[in-house]
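Peer 1: Got a structure for you, coords.cif, holding mmCIF, C-alpha atoms.
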data_query
#
loop_
_atom_site.label_atom_id
_atom_site.label_comp_id
_atom_site.auth_asym_id
_atom_site.auth_seq_id
_atom_site.Cartn_x
_atom_site.Cartn_y
_atom_site.Cartn_z
CA MET L 19 80.31 101.92 81.22
CA SER L 20 77.79 104.70 80.87
CA PHE L 21 74.04 104.25 80.55
CA THR L 22 71.35 106.76 79.65
CA LEU L 23 67.66 106.23 80.35
CA PHE L 24 65.02 108.37 78.67
CA SER L 25 61.49 108.68 80.06
CA SER L 26 59.41 110.77 82.39
CA GLY L 27 58.53 109.44 85.81
CA CYS L 28 57.41 109.98 89.35
CA ILE L 29 57.70 108.37 92.73
CA GLN L 30 54.04 107.48 93.37
CA SER L 31 52.82 104.18 91.98
CA ASN L 32 49.99 104.12 89.45
CA ASN L 33 48.30 101.32 91.41
CA ASN L 34 48.81 102.77 94.88
CA ILE L 35 51.47 100.24 95.77
CA GLU L 36 54.63 101.32 97.50
CA LEU L 37 57.69 101.21 95.28
CA PHE L 38 61.14 102.25 96.43
CA GLY L 39 62.89 102.56 93.08
CA THR L 40 62.23 105.32 90.57
CA GLU L 41 58.92 104.54 88.88
CA TYR L 42 57.85 105.31 85.34
CA LYS L 43 54.85 107.63 85.22
CA ASN L 44 53.60 106.06 81.98
CA PRO L 45 55.24 102.62 81.89
CA PRO L 46 56.51 101.89 78.36
CA ASP L 47 56.58 98.41 76.90
CA ALA L 48 60.01 96.85 77.28
CA PRO L 49 61.50 96.19 73.82
CA ASP L 50 61.54 92.50 73.01
CA PHE L 51 64.71 90.59 72.24
CA THR L 52 65.98 87.06 71.65
CA LEU L 53 69.50 86.31 72.90
CA LEU L 54 71.57 83.29 73.93
CA ASN L 55 72.12 82.29 77.54
CA GLN L 56 75.22 80.67 79.02
CA ASP L 57 73.95 77.25 77.92
CA GLY L 58 73.57 78.35 74.30
CA GLU L 59 69.77 78.35 74.59
CA SER L 60 67.57 81.05 73.06
CA VAL L 61 65.90 83.37 75.56
CA THR L 62 63.07 85.66 74.39
CA LEU L 63 61.82 88.40 76.69
CA SER L 64 58.18 88.21 75.56
CA ASP L 65 58.07 84.56 76.66
CA TYR L 66 58.01 85.88 80.22
CA ASP L 67 54.76 87.76 79.86
CA GLY L 68 52.93 87.28 83.16
CA LYS L 69 56.13 87.30 85.20
CA VAL L 70 58.12 90.06 86.87
CA VAL L 71 61.45 90.41 85.07
CA VAL L 72 64.64 92.04 86.34
CA VAL L 73 66.95 93.20 83.54
CA ALA L 74 70.56 94.26 84.20
CA PHE L 75 73.36 95.23 81.81
CA ILE L 76 76.83 94.01 82.81
CA TYR L 77 80.14 92.71 81.48
CA THR L 78 82.38 90.10 83.07
CA SER L 79 85.71 91.92 82.73
CA CYS L 80 84.30 94.93 84.61
CA PRO L 81 86.58 95.36 87.65
CA ASP L 82 84.09 96.85 90.09
CA VAL L 83 80.59 98.11 89.24
CA CYS L 84 79.28 95.02 87.44
CA LEU L 85 80.63 92.74 90.13
CA ALA L 86 78.63 94.65 92.72
CA ILE L 87 75.47 94.50 90.61
CA SER L 88 75.85 90.76 90.07
CA ALA L 89 76.44 90.25 93.80
CA ASN L 90 73.25 92.21 94.52
CA LEU L 91 71.31 90.12 92.02
CA ALA L 92 72.71 86.92 93.52
CA TRP L 93 71.30 87.97 96.90
CA ILE L 94 67.96 88.80 95.28
CA HIS L 95 67.88 85.44 93.48
CA GLU L 96 68.58 83.54 96.70
CA ASN L 97 65.92 85.42 98.66
CA LEU L 98 62.92 85.34 96.30
CA GLY L 99 61.27 82.71 98.47
CA GLU L 100 57.60 82.18 97.59
CA TYR L 101 57.98 84.55 94.60
CA SER L 102 60.69 82.48 92.87
CA ASP L 103 58.28 81.03 90.29
CA GLU L 104 56.96 84.48 89.39
CA VAL L 105 60.27 86.31 88.94
CA VAL L 106 62.94 86.08 86.23
CA ILE L 107 66.39 87.70 86.34
CA LEU L 108 68.28 88.44 83.12
CA SER L 109 71.79 89.88 82.79
CA ILE L 110 72.74 91.20 79.34
CA THR L 111 76.33 91.84 78.32
CA ILE L 112 77.57 95.14 76.93
CA ASP L 113 80.85 93.50 75.90
CA PRO L 114 79.97 90.78 73.34
CA ALA L 115 83.54 90.53 72.02
CA ARG L 116 84.60 88.92 75.30
CA ASP L 117 81.34 87.79 76.89
CA THR L 118 80.66 84.85 74.61
CA VAL L 119 78.34 81.99 75.50
CA GLU L 120 81.36 79.92 76.51
CA ARG L 121 82.75 82.66 78.76
CA PHE L 122 79.37 83.21 80.41
CA SER L 123 79.10 79.46 80.99
CA GLN L 124 82.44 79.37 82.80
CA TRP L 125 81.85 82.64 84.65
CA THR L 126 78.37 81.81 85.95
CA ASP L 127 79.49 78.34 87.01
CA ALA L 128 82.49 79.72 88.86
CA ASN L 129 80.38 82.33 90.67
CA GLY L 130 77.39 80.10 91.29
CA TYR L 131 75.00 82.37 89.35
CA GLU L 132 71.94 80.41 88.28
CA TRP L 133 70.01 83.01 86.29
CA ASP L 134 70.40 83.64 82.56
CA HIS L 135 73.34 85.71 81.34
CA LEU L 136 72.73 86.73 77.75
CA SER L 137 74.96 87.35 74.77
CA ALA L 138 74.67 86.86 71.00
CA GLU L 139 76.60 85.38 68.11
CA ARG L 140 76.72 88.78 66.42
CA SER L 141 77.58 92.05 68.13
CA SER L 142 75.04 93.85 65.96
CA THR L 143 72.27 91.89 67.67
CA LEU L 144 73.26 93.31 71.04
CA VAL L 145 73.80 96.80 69.61
CA ASN L 146 70.16 96.77 68.52
CA VAL L 147 69.08 95.70 72.02
CA TRP L 148 71.06 98.56 73.59
CA LYS L 149 69.54 101.08 71.19
CA SER L 150 66.00 99.91 71.79
CA TRP L 151 66.51 100.06 75.57
CA ASN L 152 68.21 103.48 75.34
CA ILE L 153 71.44 102.02 76.67
CA VAL L 154 74.53 104.00 75.65
CA VAL L 155 77.66 101.87 75.86
CA ASP L 156 80.90 103.77 76.43
CA ASN L 157 83.36 101.61 74.51
CA GLY L 158 86.24 103.74 75.74
CA HIS L 159 85.52 102.70 79.30
CA ILE L 160 85.28 99.04 78.38
CA ASP L 161 88.55 99.25 76.47
CA ALA L 162 90.20 100.89 79.48
CA SER L 163 89.29 97.91 81.64
CA GLN L 164 91.88 95.19 81.39
CA PRO L 165 90.55 92.74 78.79
CA PRO L 166 90.79 89.11 79.89
CA GLU L 167 92.57 88.18 76.65
CA ASP L 168 95.31 90.69 77.48
CA SER L 169 95.59 89.95 81.19
CA MET L 170 99.15 89.20 82.19
CA ASN L 171 100.66 87.77 85.35
CA ARG L 172 104.22 88.87 86.05
CA PHE L 173 106.80 86.67 87.74
CA SER L 174 110.01 88.50 88.61
CA VAL L 175 113.33 87.47 90.08
CA LEU L 176 115.79 89.69 91.95
CA TYR L 177 119.22 88.03 92.13
CA PRO L 178 121.89 88.46 94.83
CA ASP L 179 123.89 90.78 92.56
CA ASN L 180 120.78 93.04 92.26
CA SER L 181 120.21 92.15 88.63
CA SER L 182 116.65 91.15 87.81
CA ILE L 183 114.25 89.74 85.27
CA ALA L 184 110.52 90.30 84.81
CA ILE L 185 108.59 87.65 82.88
CA ASP L 186 105.04 88.43 81.73
CA ASN L 187 102.73 85.47 81.19
CA PRO L 188 99.17 85.18 79.88
CA CYS L 189 96.39 84.57 82.37
CA MET L 190 95.48 81.01 81.44
CA ASN L 191 91.86 80.95 82.62
CA SER L 192 90.75 84.53 83.18
CA SER L 193 87.08 83.76 82.51
CA ILE L 194 86.80 82.54 86.10
CA ASN L 195 89.42 84.99 87.43
CA GLN L 196 91.78 82.12 88.34
CA CYS L 197 94.76 82.19 86.02
CA TYR L 198 96.70 79.21 87.40
CA LEU L 199 95.91 76.39 89.82
CA ASN L 200 98.18 77.95 92.44
CA GLY L 201 101.52 79.70 92.82
CA SER L 202 103.46 76.50 92.21
CA ASP L 203 101.65 75.90 88.93
CA PHE L 204 102.39 79.53 87.96
CA ALA L 205 106.10 79.28 88.81
CA ASN L 206 106.52 75.98 86.98
CA TYR L 207 104.81 77.44 83.90
CA VAL L 208 107.08 80.50 83.95
CA PHE L 209 110.42 78.79 84.34
CA ASN L 210 109.65 75.81 82.10
CA ASN L 211 108.76 78.19 79.28
CA THR L 212 111.88 80.34 79.72
CA ASN L 213 114.34 77.45 80.15
CA ILE L 214 115.60 78.96 83.38
CA SER L 215 116.93 76.49 85.93
CA TYR L 216 114.45 76.33 88.78
CA ASN L 217 114.33 74.04 91.79
CA LEU L 218 113.29 75.52 95.12
CA ASN L 219 112.15 74.02 98.39
CA ASP L 220 111.22 76.34 101.28
CA GLY L 221 113.23 79.17 99.76
CA ASN L 222 116.35 77.08 99.29
CA GLY L 223 117.61 75.93 95.93
CA VAL L 224 118.47 77.28 92.52
CA ILE L 225 117.10 79.88 90.10
CA ASP L 226 119.10 80.53 86.95
CA GLU L 227 122.25 78.99 88.46
CA TRP L 228 122.02 81.16 91.59
CA VAL L 229 122.02 78.68 94.47
CA SER L 230 120.99 79.80 97.96
CA ASN L 231 123.46 79.15 100.78
CA GLU L 232 123.99 79.84 104.48
CA ASN L 233 124.28 83.58 103.75
CA TRP L 234 121.04 84.12 101.85
CA SER L 235 117.80 82.44 100.76
CA TRP L 236 115.00 83.03 98.28
CA GLU L 237 112.00 84.96 99.65
CA LEU L 238 108.61 85.07 97.96
CA HIS L 239 107.05 88.50 97.38
CA HIS L 240 103.76 89.59 95.82
CA TRP L 241 102.80 92.85 94.16
CA ASP L 242 100.50 94.91 96.39
CA ASN L 243 98.17 96.52 93.83
CA VAL L 244 96.70 98.91 96.40
CA ASN L 245 99.97 100.39 97.61
CA SER L 246 101.95 99.75 94.40
CA LEU L 247 104.85 97.98 96.06
CA TRP L 248 106.38 94.54 96.53
CA SER L 249 105.57 92.88 99.83
CA ASN L 250 106.65 89.60 101.43
CA ASN L 251 103.49 89.56 103.53
CA ILE L 252 102.45 86.30 101.92
CA SER L 253 102.75 82.58 102.51
CA GLN L 254 106.13 81.26 101.43
CA ASN L 255 104.43 78.06 100.30
CA LEU L 256 103.56 78.47 96.63
CA GLU L 257 100.94 75.72 96.90
CA GLU L 258 98.89 78.04 99.14
CA ILE L 259 98.99 81.04 96.79
CA GLN L 260 95.95 81.84 94.61
CA VAL L 261 96.90 83.28 91.23
CA ASN L 262 94.05 85.39 89.89
CA VAL L 263 93.84 88.27 87.42
CA GLY L 264 96.27 90.89 88.75
CA THR L 265 98.41 88.49 90.82
CA HIS L 266 102.15 89.11 90.36
CA LEU L 267 104.87 87.20 92.23
CA ALA L 268 108.62 87.46 92.67
CA TRP L 269 111.44 85.43 94.13
CA VAL L 270 113.87 87.82 95.82
CA ALA L 271 117.32 87.01 97.16
CA SER L 272 117.26 87.96 100.85
CA ASN L 273 120.55 89.87 100.51
CA ALA L 274 119.39 91.92 97.49
CA ASN L 275 118.10 95.51 97.39
CA LEU L 276 114.32 95.17 97.01
CA SER L 277 113.99 98.69 95.56
CA LEU L 278 115.76 97.44 92.42
CA LEU L 279 113.07 94.88 91.65
CA PRO L 280 110.95 96.02 88.65
CA PRO L 281 107.37 97.00 89.52
CA GLY L 282 104.67 94.36 89.30
CA VAL L 283 102.68 96.20 86.64
CA ASP L 284 103.60 98.61 83.88
CA CYS L 285 101.10 101.44 83.85
CA ASN L 286 98.05 99.22 83.26
CA GLY L 287 99.21 98.73 79.68
CA LYS L 288 98.47 102.43 78.99
CA GLY L 289 102.00 103.82 79.18
CA TRP L 290 105.61 102.96 79.99
CA ILE L 291 107.85 103.04 83.05
CA MET L 292 110.46 105.77 83.32
CA GLY L 293 113.14 105.49 85.98
CA THR L 294 113.93 102.54 88.24
CA GLY L 295 113.38 101.52 91.84
CA ASN L 296 111.79 104.18 94.03
CA SER L 297 112.04 106.75 91.22
CA ALA L 298 110.01 104.61 88.78
CA HIS L 299 106.91 106.32 87.42
CA CYS L 300 104.56 106.03 84.47
CA MET L 301 104.62 108.11 81.36
CA CYS L 302 101.01 107.64 80.35
CA ASP L 303 99.67 107.42 76.81
CA GLU L 304 97.61 110.26 75.38
CA GLY L 305 94.19 110.35 77.04
CA PHE L 306 95.48 108.71 80.23
CA GLU L 307 96.98 110.13 83.41
CA ARG L 308 98.45 109.14 86.77
CA THR L 309 95.81 109.54 89.47
CA ASN L 310 95.42 109.34 93.23
CA GLY L 311 99.15 109.40 93.83
CA ASN L 312 99.65 106.09 92.03
CA TRP L 313 102.88 106.68 90.12
CA LEU L 314 102.81 103.24 88.53
CA GLY L 315 99.29 103.27 87.11
CA CYS L 316 97.48 105.06 84.28
CA SER L 317 93.74 105.68 84.01
CA MET L 318 91.53 107.58 81.59
CA VAL L 319 91.60 111.35 81.93
CA GLY L 320 88.58 112.38 83.96
CA SER L 321 87.71 108.86 85.09
CA ASP L 322 88.03 109.89 88.75
CA ASP L 323 85.42 112.58 88.27
CA GLN L 324 83.09 110.08 86.65
CA ASN L 325 83.55 107.57 89.44
CA SER L 326 82.83 110.16 92.11
CA SER L 327 79.61 111.30 90.47
CA GLN L 328 76.55 109.39 91.60
CA THR L 329 73.03 110.24 90.54
CA ASP L 330 70.34 109.62 93.13
CA PRO L 331 67.08 108.72 91.37
CA HIS L 332 65.12 109.91 94.42
CA ASP L 333 66.43 113.44 94.02
CA GLU L 334 65.04 114.12 90.58
CA SER L 335 62.41 112.87 88.19
CA LEU L 336 63.21 110.07 85.82
CA GLY L 337 64.59 112.18 83.05
CA GLU L 338 67.97 111.65 81.44
CA TYR L 339 70.36 109.74 83.69
CA GLY L 340 74.08 110.01 83.23
CA VAL L 341 75.41 107.68 85.87
CA GLY L 342 79.09 107.57 85.04
CA HIS L 343 80.46 104.09 85.54
CA SER L 344 77.29 102.90 87.19
CA THR L 345 74.30 101.32 85.52
CA VAL L 346 70.54 101.08 85.43
CA THR L 347 68.75 97.91 86.54
CA PHE L 348 65.15 97.58 85.42
CA ILE L 349 62.18 95.80 86.98
CA LEU L 350 59.43 94.92 84.47
CA ASP L 351 55.87 94.21 85.55
CA LYS L 352 53.77 91.23 84.49
CA GLN L 353 52.77 93.07 81.32
CA THR L 354 56.45 93.32 80.36
CA ARG L 355 56.48 97.09 80.90
CA LYS L 356 59.30 99.09 82.42
CA ARG L 357 57.96 99.95 85.86
CA VAL L 358 60.98 100.71 88.04
CA ALA L 359 64.57 101.77 87.47
CA TRP L 360 67.36 101.46 90.03
CA THR L 361 70.47 103.46 89.14
CA GLY L 362 73.99 102.92 90.37
CA ILE L 363 75.15 100.10 92.62
CA HIS L 364 74.30 101.45 96.05
CA TRP L 365 70.67 100.46 96.05
CA ASP L 366 69.25 98.68 99.06
CA VAL L 367 68.73 95.02 98.19
CA GLN L 368 65.92 94.74 100.75
CA GLU L 369 64.00 97.60 99.12
CA PHE L 370 64.73 96.22 95.66
CA LEU L 371 63.26 92.90 96.78
CA LEU L 372 60.20 94.66 98.18
CA ASP L 373 59.62 96.25 94.75
CA ILE L 374 59.70 92.78 93.24
CA HIS L 375 57.21 91.54 95.84
CA ALA L 376 54.88 94.48 95.16
CA LEU L 377 54.86 93.96 91.39
CA SER L 378 54.48 90.21 91.79
CA SER L 379 51.37 90.77 93.90
CA GLU L 380 49.60 93.06 91.41
#
Let's see the structure in the file written out as structure tokens.
Peer 2:
Amino acid sequence: MSFTLFSSGCIQSNNNIELFGTEYKNPPDAPDFTLLNQDGESVTLSDYDGKVVVVAFIYTSCPDVCLAISANLAWIHENLGEYSDEVVILSITIDPARDTVERFSQWTDANGYEWDHLSAERSSTLVNVWKSWNIVVDNGHIDASQPPEDSMNRFSVLYPDNSSIAIDNPCMNSSINQCYLNGSDFANYVFNNTNISYNLNDGNGVIDEWVSNENWSWELHHWDNVNSLWSNNISQNLEEIQVNVGTHLAWVASNANLSLLPPGVDCNGKGWIMGTGNSAHCMCDEGFERTNGNWLGCSMVGSDDQNSSQTDPHDESLGEYGVGHSTVTFILDKQTRKRVAWTGIHWDVQEFLLDIHALSSE
């Protein structure tokens, strides 16, 4: 996600109040909009004239940046105190294809977010909002993030003879990042839908006619997404296992060669696996590459450079901001003007809250 903000600005406040974010020199009116919140209710910005409004642009399938912004806003929302009646927080999606009213309803409920998260019935409505706010949406970056509709959870089996299977299954409830009730629910779904015999208790029992005995047992493994390897550092009780987006499990015969188990993910869906076991590596699609020594993952070419680039709004005037995969969060004054911009995700929530206090007291 890439945002661009156009305006001139300075650090000193027009009204001699102390503001920590980057302040507009000549505060422009914030463009009005009417969108739908997670309850399907219409929300119009101009209705909040006389209140301080925080406006953020996010999307729920964002794996990192938007989650941090939403967590920051949650802290702000919980700590408004005496200013709670004077302040409104609005989060606007940049991914209307997935962030529908229904998805926002589930997502906000699951995360305990009580402020309005806004979408629209037509994508063109949101496109017009982005244009009027000078928000440039990098669709390539959104597409590179794993869409919830395409999220898959892999369940693999490595048999005593070192043969294996890898079964990919849709994430059943990715809108709240919990795909199955638990590991047991996941396993039952997998094997019931593949007609593979399955009856295990504490690692003993049968999978596909392979019955454990005194010489070997079934051991539960999970895919370590950080280190790109299978690990049995996990509870062996499936009831205790949370199955979220990116959770991949495997039953492994204790006498099998673990290196022959297929990897938990196949190149993030942006390539294909060449080789097996320890020699497995991704052949990435055009425009994608292996990065950071991760031989089993593909990311957009140049995405590392974008992630490492952070623009500090205190180091330069408020001109054109290219903040890579970060974002811009606005604070509007009581006249519904853009007064302060906070770029990136590393802003101090205490200072952000002080800006809200200062504008609320004008």
Peer 1: Could you list, as number ranges by chain, every residue within 12 Å of L:Ile110, counting all atoms listed in the file and ignoring same-chain residues fewer than 6 positions away?
Peer 2: L: 51-56, 61, 63, 72-78, 84, 88, 117-119, 122, 133-138, 143-145, 147-148, 151, 153, 345-348
Peer 1: Taking the file as shown, what set of residues would the PyMOL selection byres ((chain L and resi 224) around 12) give back, as a ChimeraX atom specification?
Peer 2: /L:175,177-178,209,214-223,225-231,234-236,269-271
Peer 1: Go ahead and compute the interatomic distance for atom CA of L:Thr126 and atom CA of L:Ile112, in Å to one decimal.
Peer 2: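 Answer for the atom CA of L:Thr126 to atom CA of L:Ile112 separation: 16.1 Å.
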Peer 1: Find the residue from L:Asn245, L:Ser253, L:Asn97, L:Asn187 that sits nearest to L:Phe204; use all atoms listed in the file when measuring.
Peer 2: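 Once distances to L:Phe204 are computed over all atoms listed in the file, the minimum belongs to L:Asn187.
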Peer 1: If the box runs along x, y and z of the file and leaves 3 Å on each side of stretch 46-51 of chain L, what are its centre and edge lengths in Å, one decimal, as AutoDock Vina command-line options?
Peer 2:
--center_x 60.6 --center_y 96.2 --center_z 75.3 --size_x 14.2 --size_y 17.3 --size_z 12.1
Peer 1: Which one is closest to L:Pro49: L:Ile183, L:Asn211, L:Thr354, L:Ala86? Count only C-alpha atoms.
Peer 2: L:Thr354
Peer 1: Mind giving me the straight-line distance from atom CA of L:Ala268 to atom CA of L:Cys316 in Å, one decimal?
Peer 2: 22.5 Å
Peer 1: Quote the spacing between atom CA of L:Asp113 and atom CA of L:Ile349 in Å to one decimal place.
Peer 2: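 Separating atom CA of L:Asp113 from atom CA of L:Ile349 is a distance of 21.8 Å.
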Peer 1: Find, counting only C-alpha atoms, the residue in L:Thr265, L:Gln353, L:Ser79, L:Asn200 that gets nearest to L:Asn243.
Peer 2: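 Of all the options, L:Thr265 lies closest to L:Asn243.
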Peer 1: Between L:Lys43, L:Lys288, L:His239, L:Arg172, single out the one closest to L:Ile252, counting only C-alpha atoms.
Peer 2: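 The answer is L:His239, which sits nearest to L:Ile252.
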